[in-house]
Amino acid sequence: MIKNYLNLTLKWIAIVALILFSACKENSSPVYEIELSDNWRFQKVGDLEWLNAKVPGSVHLDLLNNNKIKDPFFRLNELDLQWIDKADWQYKTDFNVSKELLSKQHLEIEFSGLDTYSKVILNDSLILQTDNMFRNYIVDCKTILKEGNNTLLVIFESPIAKGVQKHDEIGYKLPESGNDLAEIGKVDGAKKVGIFSRKAGYHFGWDWGPRLVTSGIWKPVKLRGWSSIKMEDLYIKQTRLDSVALLTAIAEVDAIAPVDGATVEVLVNKKSIKKTIVELSKGKNLLKVPFEIENPDLWWPNGMGEQVLYEVEVIVNADSNTDSKSHRIGLRNIELVTDEDSLGSAFYFKVNGYPVFMKGANYIPQDPFANRPDQSDYEFILNSAKEANMNMIRVWGGGIYENDLFYELCDEKGLLVWQDFMFACAMYPGDESFLENAKQEAIYNVKRIRNHASIALWCGNNENQWAWQNWGWKENVAKEQSKEVADRMWQSYEKLFHKILPDVIKEYDSDRDYWSSSPSSAPGKKISFTDGDYHYWDVWWGKKPFENYNTAIPRFMSEYGFQSFPEFNSVKKYTSPDDYDIYSEVMKSHQRSSIGNVTIEEYMMRYYKEPKDFENLLYVSQLLQADGVGIGIEAHRRNRDRCMGSLYWQLNDCWPAVSWSSIDYYGKWKALHYKAKASFQNFLVSYENNERQVNVVVVSDSIKGIEAHLKTQLIDFDGNTLQEWNRPIRIEGNSTNVFLELKKDEFLKGDMPYNTLLFTEIKSNDKILSNNILYFKPAKDLYLSSPKIVYSVDERNNQFIVTLKTDQLAKNVFVITNSENNFSDNYFDMLPNTEKTIFIEKDQSQDLKSFTDNLSIKTLTDSFIK
């Protein structure tokens, strides 16, 4: 009986073990993956000393972390670091491979980003050579890896040496815009070599950035082992969107051997909604599985609705081995409309069937060392865009294809992305090797980010066509080299931007539109105010007045802007007191525009009184920038029947500098960013102001109409209301309308233009939709008195609350603090005898007393000698 009991027990144990084994096998994944991020060392080739390195990283940061160089951003240190890009560097690590991992049928190493010219050696075997920082490379290493310790060595050749070699071999001179700062870089013969390398153009300098030409492993390195199957890619293609969303999951699956009866399962938000049986062939398989989502919630741009995201996971099971991938997708229709119309041809985006006015800015990389920004940096910059009521970010073509986190956050925040390919302000080589490299770069990045709801448009390049056709490049090349060379350059351009890149989009992301060049009227067609998109630089480069923005109205303004200095607290972080002059060597070095500080001063004297000192000049420069770009924003929005986009240059900085940014390198919002926040609201009250008349205009970007009340007051600077106009209005959805026409000779007498203003407010159900002030003269001519401002500070949870009161008109109130955070509003005007409350998130180190003690207030009248 005991024996029978034991036999029965052993039988059940065997059954249970078999069940457990089968369950484990059924749910096992064939893919084993680890990131090779530890134990990295680096050295200059030829040196004896190996130093600790961080991967992902860059040689400049590794030198900085080892105290071998000084902070590149402080004073003139950048100029002393130009030797780094002339050297070769190498990185090395050791890692262990277990017997279990080695037993996998496939072992590979993926290099997600090598910057740029590299040789990769594994256990003394050359496994890879690279020449493109924008591509990933996967190398099968099964026969080279060994059990136990393995050594990986990556040797980076000097990007300058390689660039000079390519420059000298091409046989003719390619035109570029001068942003390659070869003189600062101390390149032999001042050769501008950046365009020959598939590397971020801004590394070689730009008119807002430093020259810090990096090398290094800037993205992760991963070791991966698998048997049977591996899913290489997953694309969720939307085929129809109405009461039911029809989609297709397209999975690329590698199989070591043929498999009959493999299963593919689709899960949406963790719920299985489709399961099908497929056959796998040996090698690469493209599996297409249609599925549906009933009663879908749509994804909307910021300001139009919610950003609903569905998590779609696809699981492939073959011979009890599984692999899976997932993406968060938004369901929406988006198209670029370029139909002919009475003006020429349109250029606007429709989202979910509605025309959408695009409000936003141009984005550049946040740092010369592209791996340095972390999640909090991305959260901050994109939250700042959302808080400023933007709905589109243009990823400019002289930087990088951003990391996955960037696009994930844009999905979450409703920020549509105009995505340039990484070509800017130059003509590029046209040899087959270069073009094939560019094609593979495009394929990789299109596939990498095409699942994101935020991607609105692919654009071939930034200003290449404009420069060729309008900057004299075509004529100069024909004159100084030959017509044959000029023809060859244009043929290379057409091959890349009119053939290769649009074909990549057609094959891999056919639901999205492709625009060959920004700005342009059409592929190969010169810029025009009646067609396509436009970059307007007559303000700034052309020294035209800000008021030109009122009449220079294109179909879509994808670039325009004006510079300003960072605030004084930011400037102090990268300078010494001896540098506090905009023409000091340090301040000039952190200004990379060829006409920079002189142009800011010239415009300043047109509109403002001369600031009394360095600190106040920085402050007034921000007011000037906000005024100018603000005129542009409002003009574009008032003319939304013609112009359907306003993307100013630029959102952010990559180092501490004088630039066109609305947020400085240290994260401080400039006056422009606050102006954008107000001017990009869904409802805007604005003014058309000419010599004889003022028109009060209300603009709506809302889909729905609304009943509202408009009140316009003529107020003197002492707070007396001299005249008032009231009327109920209906604001239709997606509209711009004049609701009040005022003849100046009926209400402006004598010197009233110098001491009165118009204040207009629109309300709906007691909620303020928008308000705005019109001054009749430039700030320098206004009869301003010094206001008496009193304020109090309170705290609430994680915020400080500042309440201000003024007795007279207080113009451009700047609340100054040493906090790293930004106030909810700043640089604002306060009408006489009014109160305003603003708030700011607490810094961890601050209490109420220390915050209050470090608070100060400045207004415009404090900036000049009275």
# chains A, B, ... in the order shown; residues from 1 in each chain; ligands from 1
>>> select_by_dssp(residues="segment 259-330 of chain A", states="strand (DSSP E)", output="PyMOL selection string")
chain A and resi 259-268+271-280+283-294+310-318+321-329
>>> atom_distance(atom1="atom CA of Tyr687 of chain A", atom2="atom CA of Leu757 of chain A")
12.1 Å
>>> residues_around(residues="segment 444-449 of chain A", least_positions_apart="5", cutoff="12 Å", atoms="only C-alpha atoms", output="PyMOL selection string")
chain A and resi 112-113+132-138+232-237+250-252+327-329+400-408+410-411+417+419-422+437-439+454-459+501-510+512+514
>>> residues_around(residues="Ile706 of chain A", least_positions_apart="4", cutoff="7 Å", atoms="only C-alpha atoms", output="PDB file with N, CA and C atoms, in the first residue's frame")
ATOM      1  N   ARG A 730     -21.132  86.764 -31.171  1.00  0.00           N
ATOM      2  CA  ARG A 730     -21.050  85.311 -31.336  1.00  0.00           C
ATOM      3  C   ARG A 730     -19.750  85.007 -32.060  1.00  0.00           C
ATOM      4  N   ILE A 731     -18.935  84.187 -31.421  1.00  0.00           N
ATOM      5  CA  ILE A 731     -17.647  83.804 -31.999  1.00  0.00           C
ATOM      6  C   ILE A 731     -17.826  82.434 -32.640  1.00  0.00           C
ATOM      7  N   GLU A 732     -17.798  82.382 -33.942  1.00  0.00           N
ATOM      8  CA  GLU A 732     -17.933  81.102 -34.630  1.00  0.00           C
ATOM      9  C   GLU A 732     -16.656  80.281 -34.490  1.00  0.00           C
TER      10      GLU A 732
END
>>> residues_around(residues="Val629 of chain A", least_positions_apart="3", cutoff="9 Å", atoms="only C-alpha atoms", output="PyMOL selection string")
chain A and resi 546+549+560-562+624-626+632-634+648+672+675-676
>>> residues_around(residues="Leu61 of chain A", least_positions_apart="4", cutoff="8 Å", atoms="only C-alpha atoms", output="PDB file with all heavy atoms, in the first residue's frame")
ATOM      1  N   GLY A  57      27.115  58.254 -23.982  1.00  0.00           N
ATOM      2  CA  GLY A  57      27.840  59.441 -23.602  1.00  0.00           C
ATOM      3  C   GLY A  57      28.537  60.061 -24.784  1.00  0.00           C
ATOM      4  O   GLY A  57      28.205  59.804 -25.943  1.00  0.00           O
ATOM      5  N   ASN A  65      33.940  64.905 -17.016  1.00  0.00           N
ATOM      6  CA  ASN A  65      33.707  64.126 -15.791  1.00  0.00           C
ATOM      7  C   ASN A  65      35.009  63.650 -15.148  1.00  0.00           C
ATOM      8  O   ASN A  65      35.047  63.387 -13.948  1.00  0.00           O
ATOM      9  CB  ASN A  65      32.809  62.929 -16.099  1.00  0.00           C
ATOM     10  CG  ASN A  65      31.401  63.331 -16.463  1.00  0.00           C
ATOM     11  OD1 ASN A  65      30.943  64.415 -16.101  1.00  0.00           O
ATOM     12  ND2 ASN A  65      30.709  62.486 -17.200  1.00  0.00           N
ATOM     13  N   PHE A 369      25.745  67.925 -26.494  1.00  0.00           N
ATOM     14  CA  PHE A 369      25.968  66.533 -26.154  1.00  0.00           C
ATOM     15  C   PHE A 369      24.603  65.881 -26.031  1.00  0.00           C
ATOM     16  O   PHE A 369      23.949  65.930 -24.976  1.00  0.00           O
ATOM     17  CB  PHE A 369      26.786  66.443 -24.871  1.00  0.00           C
ATOM     18  CG  PHE A 369      27.949  67.412 -24.877  1.00  0.00           C
ATOM     19  CD1 PHE A 369      28.054  68.407 -23.918  1.00  0.00           C
ATOM     20  CD2 PHE A 369      28.903  67.364 -25.882  1.00  0.00           C
ATOM     21  CE1 PHE A 369      29.101  69.318 -23.939  1.00  0.00           C
ATOM     22  CE2 PHE A 369      29.958  68.274 -25.916  1.00  0.00           C
ATOM     23  CZ  PHE A 369      30.056  69.248 -24.938  1.00  0.00           C
TER      24      PHE A 369
END
>>> residues_around(residues="Lys767 of chain A", least_positions_apart="5", cutoff="12 Å", atoms="only C-alpha atoms", output="PyMOL selection string")
chain A and resi 683+707-710+761-762
>>> decode(residues="segment 88-124 of chain A", atoms="C-alpha atoms", output="PDB file, in the first residue's frame")
ATOM      1  CA  ASP A  88      40.957  59.649 -32.490  1.00  0.00           C
ATOM      2  CA  TRP A  89      39.330  58.142 -29.391  1.00  0.00           C
ATOM      3  CA  GLN A  90      38.599  54.625 -28.287  1.00  0.00           C
ATOM      4  CA  TYR A  91      36.163  53.066 -25.827  1.00  0.00           C
ATOM      5  CA  LYS A  92      36.488  49.622 -24.285  1.00  0.00           C
ATOM      6  CA  THR A  93      34.473  47.371 -22.000  1.00  0.00           C
ATOM      7  CA  ASP A  94      34.536  43.780 -20.789  1.00  0.00           C
ATOM      8  CA  PHE A  95      31.391  41.741 -20.260  1.00  0.00           C
ATOM      9  CA  ASN A  96      30.502  38.164 -19.392  1.00  0.00           C
ATOM     10  CA  VAL A  97      28.520  35.763 -21.532  1.00  0.00           C
ATOM     11  CA  SER A  98      26.972  32.806 -19.754  1.00  0.00           C
ATOM     12  CA  LYS A  99      26.799  29.282 -21.091  1.00  0.00           C
ATOM     13  CA  GLU A 100      23.011  29.611 -21.222  1.00  0.00           C
ATOM     14  CA  LEU A 101      23.183  32.757 -23.348  1.00  0.00           C
ATOM     15  CA  LEU A 102      25.826  31.256 -25.591  1.00  0.00           C
ATOM     16  CA  SER A 103      23.473  28.365 -26.315  1.00  0.00           C
ATOM     17  CA  LYS A 104      21.051  30.695 -28.122  1.00  0.00           C
ATOM     18  CA  GLN A 105      20.963  30.120 -31.846  1.00  0.00           C
ATOM     19  CA  HIS A 106      21.432  33.813 -32.580  1.00  0.00           C
ATOM     20  CA  LEU A 107      23.632  36.275 -30.695  1.00  0.00           C
ATOM     21  CA  GLU A 108      23.831  39.860 -31.823  1.00  0.00           C
ATOM     22  CA  ILE A 109      24.952  43.275 -30.632  1.00  0.00           C
ATOM     23  CA  GLU A 110      22.890  46.335 -31.511  1.00  0.00           C
ATOM     24  CA  PHE A 111      24.562  49.737 -31.612  1.00  0.00           C
ATOM     25  CA  SER A 112      21.759  52.322 -31.521  1.00  0.00           C
ATOM     26  CA  GLY A 113      24.018  55.308 -32.056  1.00  0.00           C
ATOM     27  CA  LEU A 114      27.730  55.574 -32.847  1.00  0.00           C
ATOM     28  CA  ASP A 115      29.008  59.107 -33.441  1.00  0.00           C
ATOM     29  CA  THR A 116      30.239  58.865 -36.177  1.00  0.00           C
ATOM     30  CA  TYR A 117      33.230  57.194 -37.872  1.00  0.00           C
ATOM     31  CA  SER A 118      33.928  54.040 -35.934  1.00  0.00           C
ATOM     32  CA  LYS A 119      35.513  50.612 -36.076  1.00  0.00           C
ATOM     33  CA  VAL A 120      34.083  48.024 -33.698  1.00  0.00           C
ATOM     34  CA  ILE A 121      36.292  45.148 -32.565  1.00  0.00           C
ATOM     35  CA  LEU A 122      34.956  42.208 -30.563  1.00  0.00           C
ATOM     36  CA  ASN A 123      37.488  39.788 -29.084  1.00  0.00           C
ATOM     37  CA  ASP A 124      40.125  41.054 -31.552  1.00  0.00           C
TER      38      ASP A 124
END
